[in-house]
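Chemist: Let me give you the structure first, and then I'll get to my questions.
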Amino acid sequence: MTRASRPRLPHPRVELRLAGSGGQGLILAGLILAEAAGVYDGREVAMVQSYGPEARGGASKAEIILSDEPIDYPLCANVDLFLAMNQEASDSYCWDLKPGAWIVVDKDLVNHPPSSRAVSLAFTTVAHEKLGKRMVANIVALGAISAMTGLVSKRALEKALLSHVPPGTADINRRALALGIKLGGAQAGKPPSAEDEEYDEESD
Amino acid sequence: MTVPSTQTVVYEWLRHDKKFPHVWCPGCGLGILLGALVRALAASGLTKDQVALVSGIGCAGRLPVYVDVGSIHTTHGRALTFATGIKLSKPELTVVVVMGDGDAMAIGGNHLIHAARRNLDLVAVVVNNRTFGMTGGQFSPTTPMGAKTTTALYGHIEPEFDIAAVCATAGAALVARSTVYHVDRLERLLLQALQKKGFSVVEVMSPCYTNFGRQNLMASHVVMMKQLKEQGIPVERWQKMSEIERRGSFPLGVLVDRDLPGYLDSYREVCKTAAKLRSEGKI
Amino acid sequence: MIKRQARLLQGNEAIVHGALAAGCNFFAGYPITPSSEIMELMSRELPVRGDVFIQMEDEIASLGACIGAGLAGRKAMTATSGPGFSLMQENFGYACMAETPVVVVNVMRAGPSTGMPTNVAQGDVQQARWGTHGDHPCIALCPSTVAECYELTVVAFNHAERFRTPVVLLSDEMVAHTREKVVLPHPEDVEVIDRRRPTVPPDWYVPYKTDGSLIPRLADLGEGYRYHVTGLTHDERGFPTRRLDEVQQFYTRLFAKISRQFHYLENVKDYYLDDCELLIIAYGCSARSARAAVRLGRERGLKVGLLQLLSLWPFPRRPVSEALNGKIAVLVPELNLGQLRREVLRVNDGRTAVIGLNKLDGTMITPEEILTRLRVIK
C-alpha cells in the first residue's frame, strides 16, 4: 500500500493496548494488527507482548505503537486505544490512558469499565452466537477496534489475518473480522461501508 | 594384523619439532598408550591429515601435543564438546578424544554420557589411573573405596564409577577396556574403535605411581604394573567366573559392540527433510 | 528466504537473520529464557541449508562445540542468557586464548542467579568484559532495536573473523521480544568478512606467527595444516611455553591486535548532540527510553542529547570523551547499578557530573523517569 492510501494517524505516535486473559488470543490479535500496519500499510510499528507464565494463564496484553517516524520507546505510556477483554485486564491496565482515548471492552466479561465513555461490545457473545465459536472473539474485537479508529486499512488487516490463522480456519476468521468491522463501524457513528454490508462468505 | 615397527611409526606420527622428553613421570602408563595409539592409527590406514586428536586437562590431556596431527588441548572435562563441534563440521575427519578419569567422569561426566547417548562417530579413550595425577593425587570418581589420597587421608569413603559400564548404559556403540600392561590388546581395541561406526569408548587402566601408588604403599610402578596384569581378566574368561572370583579384578576386551543409528546419518536425513519441506514451501 | 520486503520481526529473530547473512553455518545451544527463539529458529533454518544445528547438554558444551567448529572452519554462534553466560565463561577464555572466532549472544535478563527469567535487565555488561578469569581482550556489541539486532550480528561475525576472537552480542529481554517492522537488506548487500586462511603450504605454516596485523592466519582443521591448539600460553607454533620472552610476546600481541584497532571498533550513534547541555549516554533498551526522553525534552525546550553506544567493549573512549566536553551533566540510565557509568566516570576524569539512573525491578526505564531526573539536575 502506498503512503498516500493508508489511513492517517491522529497523532505522530499512537499507542494501542489489547488486554485480556491468557488464551483469549489478544497477542495474536495484536500481532495481526501490527503486521497489518507495519508490513501492509507500510508504517513504523513496534509491538511488545506479555512474556512468560502470564502470557499463558493470567492477565495478558499486547502493546503496539504506530508511527510514521522511527519508534523510540516501544512501550505504552500514554494509551490512545485500550481494548479490555475481561474485568481483570480492564482494572489492571487502565491507568495510563490518554484523556479522550478510545476505550473498548467486552460487554459480557467487563461489568465495570474504567470509564463511562467506554464502548461495550458483546464480542464473545457475538462470536458464540453468530459464528458458533467463542474462540474468535479476539478477531471480532480486532475488526471492531480497527473500524472504530480507522488506524489500519481493512485490506491490510485481512491480509495479515490470513497469514496468521491456522489452516482451515481462514473462512471463520474472515467472517469474524467482518462481523467486528460491522460492530465497530456502527459504534463509530459511521455507517458500515457498502463493501462491509455485502461481505460475501463465499468470496474465496 | 601387521604391526609396523615402532621406530617407523614413531618417526612418522610423532612431532619432530616438539621438545621431548614428555611431561609424564617415570612409570606412567601414558607413554605406552601414546605408542599404542599411534600404532593403531598407522594400522588403520589413516593419514595424519585425516585425524584430529582432542584432549582435556590433566596428564592425559598432554598426549595430543606429541602427535603430528591436528591436535586440540581443550578445557577440563570439555574435550568431547569440542570434538563434537569438530566432527559435525568435518565429518570426514577421524576424531579421537583422550581424557583421564577425572576429566571424563568427574567434571566431564555429563558430556561423556550425552556423547555416548548421541552416538556421534567419535573415539573416546579414557585413561583411568584412579586419581587426579596432575594436581597431586586427590581422589577421583574411580578411586577405590578405602584408598588413601591427598584429599582422603583417612581412607576414601565413596564408591567408584565403572566408566565402561556407565558408557555402555548411556548408549555407546562400542565399549572396550584394556590396561597399559596388556599393550597388544590395547592396540587391537584402539584399532577396532577407530574402525567402529558410532561412539566408541576404550577405557585404559593405567598406573600412577607418583601420586597414587606411593600414597597407598605400593612398592614401585613395577608392582602396579603387575597388579594390572593380575586384575585384568579377558572378558571371555571373566564371564565364566563367579562373583567371588571376580572380586578385585575387571574384564578386558570388547564389552559392548552394537550397531546403532549414528548421529551423522540421522542429521543428514534431517537436512534432507528440511530442504524438501522448504522447497515445497511448507516451512 | 530473505526477501527485500517489510517484515515484522522480534529482536531474537533478527539476530538469526543477521547471523545467516553473515555466513553463520554452525549453531550449538541450550534452551534458556529469554534467548530460546534464536535457537528454535536456527534449528529450522540451518538444516535447510545443510549446515549444522545441535542442541547440546548445557551451555558449557554449547560453546565448546562452537569453538571446535570455529577451528574446523565454521562460522559458529551460540545464544544464551545470564546463567548460561556464566557457565560459558571458562570456554570463552579458551576462545580468547586460542584465538578462535565465535559469536556468543547473551540476551540479558534480571539476575543474579535465576533472578527474573522473563524480565529485562542490563546486568551483564561488566561480566561480558571480565567474566572469564585472567586478563583478556574483549569485543561486545549492544543492539537497541530489531534493525540493530540484525546489523550488529553481522558486525559481530565480521569482528570475530577479522580479529580471531570471541565476540559478545549483548541483547536484552526487551530488545529480544519487541517486534518491529524491519526491511532486511539483500544478503548480497551485506558486507561479510572471512578469516584469513594460510596461503603457504602446510610445511611452512606457523600457526601463531603473525604479520603486521598481529592477527595470525587460521587454517581449518583437517585441511592438511596440522597444528596444535591449547589454552596454555603458547609459542608461535602453538606449543605450550612458559619462556618469558615467548609469554610476554604472546600476551602483548593478544591485546594489541584489538587495542590498535579501537577506532575501527567504535560504534556509536548520536541524537541532538550538537547544541546539547545535558547529555545522556545509553545502550540497549535503555537507549530507546533515552531517545524518547530527548524527543520529549526537546519539545519542552530542554537542551538534551543522546550518545548511544552500540559497541560497549572495547569501551568507546574517544566518542564518549568528545561528547562529555562542555556538558552541564551526563546521565547514564541503565538497568543495573551503574556498570557502564563506571566506565564513563573513568573517561570523564572530573570534567562534569556523571549521574546514574538505575533500576533493577525488571522493567524498562521510562522516558518520564529520565526527564524527571534531568529536570532535577538542571
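Labels used: A, B, ... for chains in the order of the C-alpha cells, numbers from 1 for residues in each chain, and numbers from 1 for ligands as shown.
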What lies within 12 Å of Asp17 of chain B using only C-alpha atoms, ignoring chain neighbours under 5 positions off, as a short mmCIF file (atom, residue, chain, number, x, y, z; two decimals) with N, CA, C and O atoms, in the first residue's frame?

Modeler:
```
data_model
loop_
_atom_site.label_atom_id
_atom_site.label_comp_id
_atom_site.auth_asym_id
_atom_site.auth_seq_id
_atom_site.Cartn_x
_atom_site.Cartn_y
_atom_site.Cartn_z
N TYR B 11 58.57 -42.27 14.12
CA TYR B 11 59.16 -41.27 13.23
C TYR B 11 58.08 -40.62 12.38
O TYR B 11 58.04 -39.43 12.16
N VAL B 65 49.70 -33.26 22.02
CA VAL B 65 50.71 -32.34 21.52
C VAL B 65 51.90 -33.07 20.88
O VAL B 65 52.59 -32.53 20.04
N TYR B 66 52.11 -34.30 21.27
CA TYR B 66 53.26 -35.04 20.73
C TYR B 66 52.98 -35.67 19.37
O TYR B 66 53.88 -36.14 18.71
N VAL B 67 51.71 -35.72 19.01
CA VAL B 67 51.34 -36.44 17.79
C VAL B 67 51.17 -35.43 16.65
O VAL B 67 50.54 -34.40 16.82
N ASP B 68 51.70 -35.76 15.51
CA ASP B 68 51.72 -34.84 14.38
C ASP B 68 50.41 -34.89 13.59
O ASP B 68 50.37 -35.24 12.42
N ASP C 203 53.72 -27.24 5.19
CA ASP C 203 55.04 -27.37 5.82
C ASP C 203 55.55 -26.03 6.34
O ASP C 203 56.37 -25.98 7.26
N VAL C 206 53.16 -21.64 10.22
CA VAL C 206 53.45 -21.48 11.65
C VAL C 206 52.20 -20.83 12.24
O VAL C 206 51.93 -19.65 12.01
N TYR C 227 48.34 -28.61 13.18
CA TYR C 227 48.92 -27.71 14.19
C TYR C 227 48.28 -28.00 15.53
O TYR C 227 47.29 -28.72 15.64
N HIS C 228 48.85 -27.38 16.56
CA HIS C 228 48.40 -27.64 17.92
C HIS C 228 47.68 -26.41 18.47
O HIS C 228 48.10 -25.28 18.26
N ARG C 237 54.39 -21.66 17.36
CA ARG C 237 53.97 -22.93 16.77
C ARG C 237 52.75 -23.51 17.48
O ARG C 237 52.27 -24.57 17.12
N GLY C 238 52.30 -22.84 18.52
CA GLY C 238 51.13 -23.32 19.24
C GLY C 238 51.49 -24.24 20.39
O GLY C 238 50.61 -24.73 21.09
N PHE C 239 52.77 -24.51 20.59
CA PHE C 239 53.18 -25.43 21.66
C PHE C 239 53.27 -24.68 22.99
O PHE C 239 53.71 -23.53 23.02
#
```

Chemist: Would you kindly return, as an mmCIF file with all heavy atoms, in the first residue's frame, each protein, DNA or RNA residue with an atom no farther than 9 Å from any atom of Leu162 of chain A, considering only C-alpha atoms and excluding same-chain residues fewer than 6 positions away?

Modeler:
```cif
data_model
loop_
_atom_site.group_PDB
_atom_site.id
_atom_site.type_symbol
_atom_site.label_atom_id
_atom_site.label_comp_id
_atom_site.auth_asym_id
_atom_site.auth_seq_id
_atom_site.Cartn_x
_atom_site.Cartn_y
_atom_site.Cartn_z
ATOM 1 N N ILE A 32 -1.509 -9.515 14.485
ATOM 2 C CA ILE A 32 -2.161 -9.281 13.190
ATOM 3 C C ILE A 32 -2.255 -7.778 12.923
ATOM 4 O O ILE A 32 -1.943 -7.298 11.831
ATOM 5 C CB ILE A 32 -3.557 -9.949 13.178
ATOM 6 C CG1 ILE A 32 -3.395 -11.465 13.213
ATOM 7 C CG2 ILE A 32 -4.354 -9.512 11.961
ATOM 8 C CD1 ILE A 32 -4.668 -12.223 13.551
ATOM 9 N N THR A 169 -9.047 -22.420 8.918
ATOM 10 C CA THR A 169 -9.884 -21.531 9.716
ATOM 11 C C THR A 169 -9.975 -20.153 9.074
ATOM 12 O O THR A 169 -10.458 -19.209 9.689
ATOM 13 C CB THR A 169 -9.320 -21.362 11.140
ATOM 14 O OG1 THR A 169 -8.051 -20.693 11.038
ATOM 15 C CG2 THR A 169 -9.124 -22.687 11.824
ATOM 16 N N ALA A 170 -9.488 -20.049 7.835
ATOM 17 C CA ALA A 170 -9.470 -18.746 7.165
ATOM 18 C C ALA A 170 -10.887 -18.182 7.076
ATOM 19 O O ALA A 170 -11.123 -17.006 7.357
ATOM 20 C CB ALA A 170 -8.854 -18.876 5.785
ATOM 21 N N ASN A 173 -12.449 -16.991 10.366
ATOM 22 C CA ASN A 173 -11.755 -15.801 10.834
ATOM 23 C C ASN A 173 -12.119 -14.574 10.012
ATOM 24 O O ASN A 173 -12.266 -13.481 10.537
ATOM 25 C CB ASN A 173 -10.242 -16.034 10.820
ATOM 26 C CG ASN A 173 -9.778 -16.724 12.094
ATOM 27 O OD1 ASN A 173 -9.885 -16.169 13.174
ATOM 28 N ND2 ASN A 173 -9.296 -17.947 11.962
ATOM 29 N N ARG A 174 -12.264 -14.784 8.714
ATOM 30 C CA ARG A 174 -12.649 -13.662 7.872
ATOM 31 C C ARG A 174 -14.048 -13.170 8.247
ATOM 32 O O ARG A 174 -14.322 -11.977 8.280
ATOM 33 C CB ARG A 174 -12.593 -14.083 6.412
ATOM 34 C CG ARG A 174 -11.826 -13.062 5.614
ATOM 35 C CD ARG A 174 -11.732 -13.386 4.192
ATOM 36 N NE ARG A 174 -11.815 -14.837 3.962
ATOM 37 C CZ ARG A 174 -11.370 -15.403 2.847
ATOM 38 N NH1 ARG A 174 -10.811 -14.666 1.936
ATOM 39 N NH2 ARG A 174 -11.484 -16.691 2.658
#
```

Chemist: Please identify every residue of chain A that has at least one atom no more than 8 Å from any atom of chain C, counting only C-alpha atoms, and report them as a list in words.

Modeler: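 Applying the cut-off to the listed atoms yields Ala34, Glu35, Gly38, Val39, Gly42, Arg43, Glu44, Val45, Ala46, Met47, Val48, Gln49, Tyr51, Gly52, Asp72, Tyr73 and Pro74 of chain A.
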
Chemist: Quick one: everything within 12 Å of Thr6 of chain B, counting only C-alpha atoms, minus sequence neighbours fewer than 2 positions away in the same chain. Send it as a CSV table (one decimal) with N, CA and C atoms, in the first residue's frame.

Modeler:
```csv
chain,number,residue,atom,x,y,z
B,2,THR,N,49.2,-56.7,10.7
B,2,THR,CA,50.6,-56.3,10.6
B,2,THR,C,50.9,-55.1,11.4
B,3,VAL,N,51.9,-55.2,12.2
B,3,VAL,CA,52.3,-54.1,13.0
B,3,VAL,C,53.6,-53.5,12.5
B,4,PRO,N,53.6,-52.3,12.0
B,4,PRO,CA,54.8,-51.7,11.6
B,4,PRO,C,55.8,-51.5,12.8
B,8,THR,N,59.5,-46.9,13.0
B,8,THR,CA,58.9,-46.3,11.8
B,8,THR,C,57.7,-45.4,12.2
B,9,VAL,N,56.9,-46.0,13.0
B,9,VAL,CA,55.6,-45.3,13.4
B,9,VAL,C,55.9,-44.1,14.2
B,10,VAL,N,56.8,-44.2,15.1
B,10,VAL,CA,57.1,-43.0,15.9
B,10,VAL,C,57.7,-41.9,15.0
B,11,TYR,N,58.6,-42.3,14.1
B,11,TYR,CA,59.2,-41.3,13.2
B,11,TYR,C,58.1,-40.6,12.4
B,12,GLU,N,57.2,-41.5,11.9
B,12,GLU,CA,56.1,-41.0,11.0
B,12,GLU,C,55.1,-40.1,11.8
B,13,TRP,N,54.7,-40.5,12.9
B,13,TRP,CA,53.5,-39.9,13.6
B,13,TRP,C,53.8,-38.9,14.7
B,14,LEU,N,54.9,-39.0,15.3
B,14,LEU,CA,55.2,-38.0,16.4
B,14,LEU,C,55.8,-36.8,15.8
B,32,ILE,N,52.9,-45.5,27.1
B,32,ILE,CA,52.6,-46.8,26.5
B,32,ILE,C,51.3,-46.6,25.6
B,34,LEU,N,50.4,-43.7,24.3
B,34,LEU,CA,50.7,-42.9,23.2
B,34,LEU,C,51.3,-43.8,22.0
B,35,GLY,N,52.2,-44.8,22.4
B,35,GLY,CA,52.7,-45.7,21.4
B,35,GLY,C,51.6,-46.5,20.8
B,36,ALA,N,50.8,-47.1,21.6
B,36,ALA,CA,49.7,-48.0,21.1
B,36,ALA,C,48.8,-47.2,20.2
B,37,LEU,N,48.5,-45.9,20.6
B,37,LEU,CA,47.6,-45.1,19.8
B,37,LEU,C,48.1,-44.8,18.4
B,38,VAL,N,49.4,-44.4,18.4
B,38,VAL,CA,49.9,-44.1,17.1
B,38,VAL,C,50.1,-45.4,16.2
B,39,ARG,N,50.4,-46.5,16.8
B,39,ARG,CA,50.5,-47.7,16.1
B,39,ARG,C,49.1,-48.1,15.5
B,40,ALA,N,48.1,-47.9,16.4
B,40,ALA,CA,46.7,-48.2,15.9
B,40,ALA,C,46.3,-47.3,14.8
B,42,ALA,N,48.3,-45.8,12.7
B,42,ALA,CA,49.0,-46.2,11.5
B,42,ALA,C,48.4,-47.4,10.9
B,43,ALA,N,48.0,-48.4,11.7
B,43,ALA,CA,47.5,-49.6,11.2
B,43,ALA,C,46.1,-49.4,10.6
```

Chemist: If you take only C-alpha atoms and a cut-off of 6 Å, which residues of chain C touch chain B, and what are their nearest atom pairs and distances in Å to one decimal, in chain and number order, as a Markdown table?

Modeler:
```
| residue | atom | partner | partner_atom | distance |
| --- | --- | --- | --- | --- |
| C:Pro47 | CA | B:Cys271 | CA | 4.4 |
| C:Val48 | CA | B:Ala275 | CA | 4.4 |
| C:Gly50 | CA | B:Cys271 | CA | 5.4 |
| C:Ala61 | CA | B:Thr81 | CA | 5.0 |
| C:Gly64 | CA | B:Phe82 | CA | 4.7 |
| C:Ala65 | CA | B:Gly85 | CA | 3.9 |
| C:Cys66 | CA | B:Gly85 | CA | 5.9 |
| C:Gly68 | CA | B:Phe82 | CA | 4.3 |
| C:Ala69 | CA | B:Gly85 | CA | 4.5 |
| C:Ala72 | CA | B:Ile86 | CA | 5.7 |
| C:Gly222 | CA | B:Asp49 | CA | 5.8 |
| C:Gly224 | CA | B:Asp49 | CA | 5.1 |
| C:Arg226 | CA | B:Gly70 | CA | 4.5 |
| C:Tyr227 | CA | B:Gly70 | CA | 5.2 |
| C:His228 | CA | B:Ser71 | CA | 4.8 |
| C:Val229 | CA | B:Ile72 | CA | 4.7 |
| C:Thr230 | CA | B:His73 | CA | 4.6 |
```

Chemist: Hey, which of B:Gln215, B:Lys282, B:Gly262, B:Val23 ends up closest to chain A? Count only C-alpha atoms.

Modeler: B:Lys282

Chemist: What does the structure give for the distance between atom CA of Cys142 of chain C and atom CA of Leu312 of chain C, in Å to one decimal?

Modeler: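 Between atom CA of Cys142 of chain C and atom CA of Leu312 of chain C the gap works out to 6.7 Å.
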
Chemist: Mind pulling up the distance from atom CA of Gln126 of chain C to atom CA of Val102 of chain C?

Modeler: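 Between these atoms lies a distance of 19.4 Å.
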
Chemist: Could you find all residues in segment 2-65 of chain A that DSSP calls strand (DSSP E or B) from the backbone, and write them as a tab-separated table (two decimals) with all heavy atoms, in the first residue's frame?

Modeler:
```tsv
chain	number	residue	atom	x	y	z
A	13	ARG	N	2.44	9.61	17.16
A	13	ARG	CA	2.71	8.33	17.81
A	13	ARG	C	1.40	7.86	18.43
A	13	ARG	O	0.81	8.57	19.26
A	13	ARG	CB	3.77	8.53	18.90
A	13	ARG	CG	4.07	7.32	19.73
A	13	ARG	CD	5.05	7.70	20.85
A	13	ARG	NE	5.07	6.67	21.89
A	13	ARG	CZ	6.04	5.78	22.03
A	13	ARG	NH1	7.09	5.81	21.25
A	13	ARG	NH2	5.97	4.87	22.99
A	14	VAL	N	0.92	6.72	17.99
A	14	VAL	CA	-0.35	6.20	18.50
A	14	VAL	C	-0.07	4.91	19.28
A	14	VAL	O	0.61	4.01	18.78
A	14	VAL	CB	-1.34	5.92	17.35
A	14	VAL	CG1	-2.62	5.31	17.88
A	14	VAL	CG2	-1.63	7.20	16.59
A	15	GLU	N	-0.61	4.86	20.48
A	15	GLU	CA	-0.33	3.71	21.34
A	15	GLU	C	-1.60	2.87	21.54
A	15	GLU	O	-2.65	3.42	21.89
A	15	GLU	CB	0.18	4.19	22.70
A	15	GLU	CG	1.41	5.09	22.58
A	15	GLU	CD	2.01	5.45	23.93
A	15	GLU	OE1	1.39	5.14	24.98
A	15	GLU	OE2	3.10	6.04	23.93
A	16	LEU	N	-1.48	1.58	21.32
A	16	LEU	CA	-2.62	0.69	21.47
A	16	LEU	C	-2.30	-0.39	22.49
A	16	LEU	O	-1.19	-0.91	22.51
A	16	LEU	CB	-2.93	-0.01	20.13
A	16	LEU	CG	-3.42	0.81	18.95
A	16	LEU	CD1	-2.27	1.53	18.30
A	16	LEU	CD2	-4.09	-0.10	17.95
A	17	ARG	N	-3.29	-0.69	23.28
A	17	ARG	CA	-3.08	-1.79	24.23
A	17	ARG	C	-4.27	-2.74	24.16
A	17	ARG	O	-5.42	-2.32	24.32
A	17	ARG	CB	-2.93	-1.25	25.65
A	17	ARG	CG	-2.80	-2.37	26.69
A	17	ARG	CD	-2.67	-1.83	28.10
A	17	ARG	NE	-1.41	-1.13	28.29
A	17	ARG	CZ	-1.27	-0.06	29.06
A	17	ARG	NH1	-2.30	0.43	29.71
A	17	ARG	NH2	-0.10	0.53	29.20
A	18	LEU	N	-3.98	-4.00	23.90
A	18	LEU	CA	-5.02	-5.03	23.85
A	18	LEU	C	-4.78	-5.96	25.04
A	18	LEU	O	-3.70	-6.56	25.15
A	18	LEU	CB	-4.95	-5.84	22.56
A	18	LEU	CG	-4.68	-5.07	21.25
A	18	LEU	CD1	-4.75	-6.01	20.06
A	18	LEU	CD2	-5.68	-3.93	21.06
A	19	ALA	N	-5.78	-6.07	25.92
A	19	ALA	CA	-5.54	-6.85	27.14
A	19	ALA	C	-6.68	-7.81	27.41
A	19	ALA	O	-7.84	-7.56	27.05
A	19	ALA	CB	-5.37	-5.90	28.33
A	20	GLY	N	-6.33	-8.93	28.01
A	20	GLY	CA	-7.33	-9.93	28.36
A	20	GLY	C	-6.66	-10.97	29.22
A	20	GLY	O	-5.65	-10.70	29.87
A	21	SER	N	-7.20	-12.18	29.21
A	21	SER	CA	-6.51	-13.23	29.95
A	21	SER	C	-5.84	-14.15	28.94
A	21	SER	O	-6.24	-14.22	27.78
A	21	SER	CB	-7.48	-14.00	30.83
A	21	SER	OG	-8.36	-14.74	30.04
A	44	GLU	N	5.76	2.58	10.49
A	44	GLU	CA	6.61	2.04	11.55
A	44	GLU	C	5.72	1.43	12.63
A	44	GLU	O	4.67	1.98	12.95
A	44	GLU	CB	7.47	3.14	12.16
A	44	GLU	CG	8.43	3.80	11.18
A	44	GLU	CD	9.41	2.81	10.59
A	44	GLU	OE1	9.86	1.91	11.32
A	44	GLU	OE2	9.73	2.93	9.38
A	45	VAL	N	6.17	0.31	13.17
A	45	VAL	CA	5.37	-0.33	14.20
A	45	VAL	C	6.29	-1.07	15.17
A	45	VAL	O	7.32	-1.62	14.77
A	45	VAL	CB	4.32	-1.28	13.56
A	45	VAL	CG1	4.96	-2.23	12.59
A	45	VAL	CG2	3.55	-2.05	14.61
A	46	ALA	N	5.94	-1.02	16.43
A	46	ALA	CA	6.64	-1.81	17.43
A	46	ALA	C	5.60	-2.47	18.31
A	46	ALA	O	4.58	-1.87	18.64
A	46	ALA	CB	7.56	-0.93	18.27
A	47	MET	N	5.85	-3.71	18.66
A	47	MET	CA	4.90	-4.42	19.49
A	47	MET	C	5.64	-5.16	20.60
A	47	MET	O	6.65	-5.81	20.37
A	47	MET	CB	4.12	-5.44	18.64
A	47	MET	CG	3.30	-6.41	19.47
A	47	MET	SD	2.37	-7.54	18.44
A	47	MET	CE	1.96	-8.80	19.66
A	48	VAL	N	5.11	-5.01	21.80
A	48	VAL	CA	5.67	-5.74	22.94
A	48	VAL	C	4.52	-6.50	23.57
A	48	VAL	O	3.43	-5.97	23.72
A	48	VAL	CB	6.31	-4.77	23.96
A	48	VAL	CG1	6.77	-5.53	25.19
A	48	VAL	CG2	7.47	-4.04	23.33
A	49	GLN	N	4.77	-7.73	23.91
A	49	GLN	CA	3.69	-8.55	24.44
A	49	GLN	C	4.06	-9.12	25.79
A	49	GLN	O	5.23	-9.16	26.15
A	49	GLN	CB	3.41	-9.69	23.47
A	49	GLN	CG	4.61	-10.64	23.40
A	49	GLN	CD	4.49	-11.61	22.24
A	49	GLN	OE1	4.31	-11.22	21.10
A	49	GLN	NE2	4.59	-12.88	22.57
A	59	ALA	N	-3.27	-12.49	33.41
A	59	ALA	CA	-3.57	-11.35	32.56
A	59	ALA	C	-2.50	-11.23	31.48
A	59	ALA	O	-1.32	-11.39	31.75
A	59	ALA	CB	-3.60	-10.08	33.40
A	60	SER	N	-2.96	-10.97	30.27
A	60	SER	CA	-2.04	-10.96	29.15
A	60	SER	C	-2.31	-9.72	28.31
A	60	SER	O	-3.45	-9.30	28.18
A	60	SER	CB	-2.26	-12.24	28.35
A	60	SER	OG	-1.86	-12.07	27.03
A	61	LYS	N	-1.26	-9.14	27.76
A	61	LYS	CA	-1.51	-7.96	26.94
A	61	LYS	C	-0.51	-7.82	25.81
A	61	LYS	O	0.59	-8.37	25.87
A	61	LYS	CB	-1.51	-6.69	27.80
A	61	LYS	CG	-0.17	-6.31	28.40
A	61	LYS	CD	-0.34	-4.99	29.15
A	61	LYS	CE	0.91	-4.31	29.58
A	61	LYS	NZ	1.85	-4.88	30.45
A	62	ALA	N	-0.96	-7.11	24.79
A	62	ALA	CA	-0.08	-6.75	23.70
A	62	ALA	C	-0.12	-5.23	23.58
A	62	ALA	O	-1.19	-4.64	23.67
A	62	ALA	CB	-0.54	-7.40	22.40
A	63	GLU	N	1.05	-4.63	23.44
A	63	GLU	CA	1.11	-3.18	23.27
A	63	GLU	C	1.73	-2.87	21.92
A	63	GLU	O	2.78	-3.42	21.57
A	63	GLU	CB	1.94	-2.54	24.39
A	63	GLU	CG	1.33	-2.77	25.75
A	63	GLU	CD	1.92	-1.93	26.86
A	63	GLU	OE1	3.05	-1.41	26.70
A	63	GLU	OE2	1.26	-1.80	27.89
A	64	ILE	N	1.07	-1.99	21.18
A	64	ILE	CA	1.52	-1.69	19.83
A	64	ILE	C	1.66	-0.19	19.68
A	64	ILE	O	0.78	0.56	20.10
A	64	ILE	CB	0.52	-2.22	18.79
A	64	ILE	CG1	0.38	-3.73	18.95
A	64	ILE	CG2	0.96	-1.89	17.37
A	64	ILE	CD1	-0.97	-4.23	18.57
A	65	ILE	N	2.79	0.22	19.11
A	65	ILE	CA	2.99	1.63	18.81
A	65	ILE	C	2.94	1.78	17.30
A	65	ILE	O	3.63	1.04	16.58
A	65	ILE	CB	4.37	2.14	19.31
A	65	ILE	CG1	4.65	1.65	20.73
A	65	ILE	CG2	4.46	3.65	19.19
A	65	ILE	CD1	3.81	2.21	21.81
```

Chemist: Which polymer residues have any atom within 8 Å of an atom of segment 95-99 of chain A, counting only C-alpha atoms, with same-chain residues fewer than 5 positions away left out, as a ChimeraX atom specification?

Modeler: /A:77-82

Chemist: To one decimal place, how far is atom CA of Gln195 of chain B from atom CA of Tyr263 of chain B in Å?

Modeler: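 Atom-to-atom, atom CA of Gln195 of chain B to atom CA of Tyr263 of chain B, that is 16.2 Å.
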
Chemist: Please, which residues of segment 176-270 of chain B, numbered as in this document, come out alpha helix (DSSP H) from DSSP, as a PyMOL selection string?

Modeler: chain B and resi 183-195+221-231+235-238+243-246+263-270

Chemist: Using only C-alpha atoms, which residues sit within 8 Å of segment 142-158 of chain A once same-chain residues fewer than 5 positions away are excluded, as an MDAnalysis selection string?

Modeler: chainID A and resid 6:9 29 32:33 36:37 40:41 83 102 104 174 176:185 187:188

Chemist: With distances taken over only C-alpha atoms, which residue among A:Arg134, A:Glu69, A:Phe123, A:Pro167 lies nearest chain B?

Modeler: A:Pro167

Chemist: Within 12 Å of segment 143-149 of chain B, counting only C-alpha atoms, which residues show up once you throw out same-chain ones fewer than 4 positions away? Write them as a PyMOL selection string, please.

Modeler: chain B and resi 101-102+105-106+128-133+135-139+153-163+205+208+210-218+248-249

Chemist: Residues near Val201 of chain B, anyone? I mean within 7 Å using only C-alpha atoms, not counting same-chain ones fewer than 2 positions away, as a PyMOL selection string.

Modeler: chain B and resi 123-125+174-176+199+203
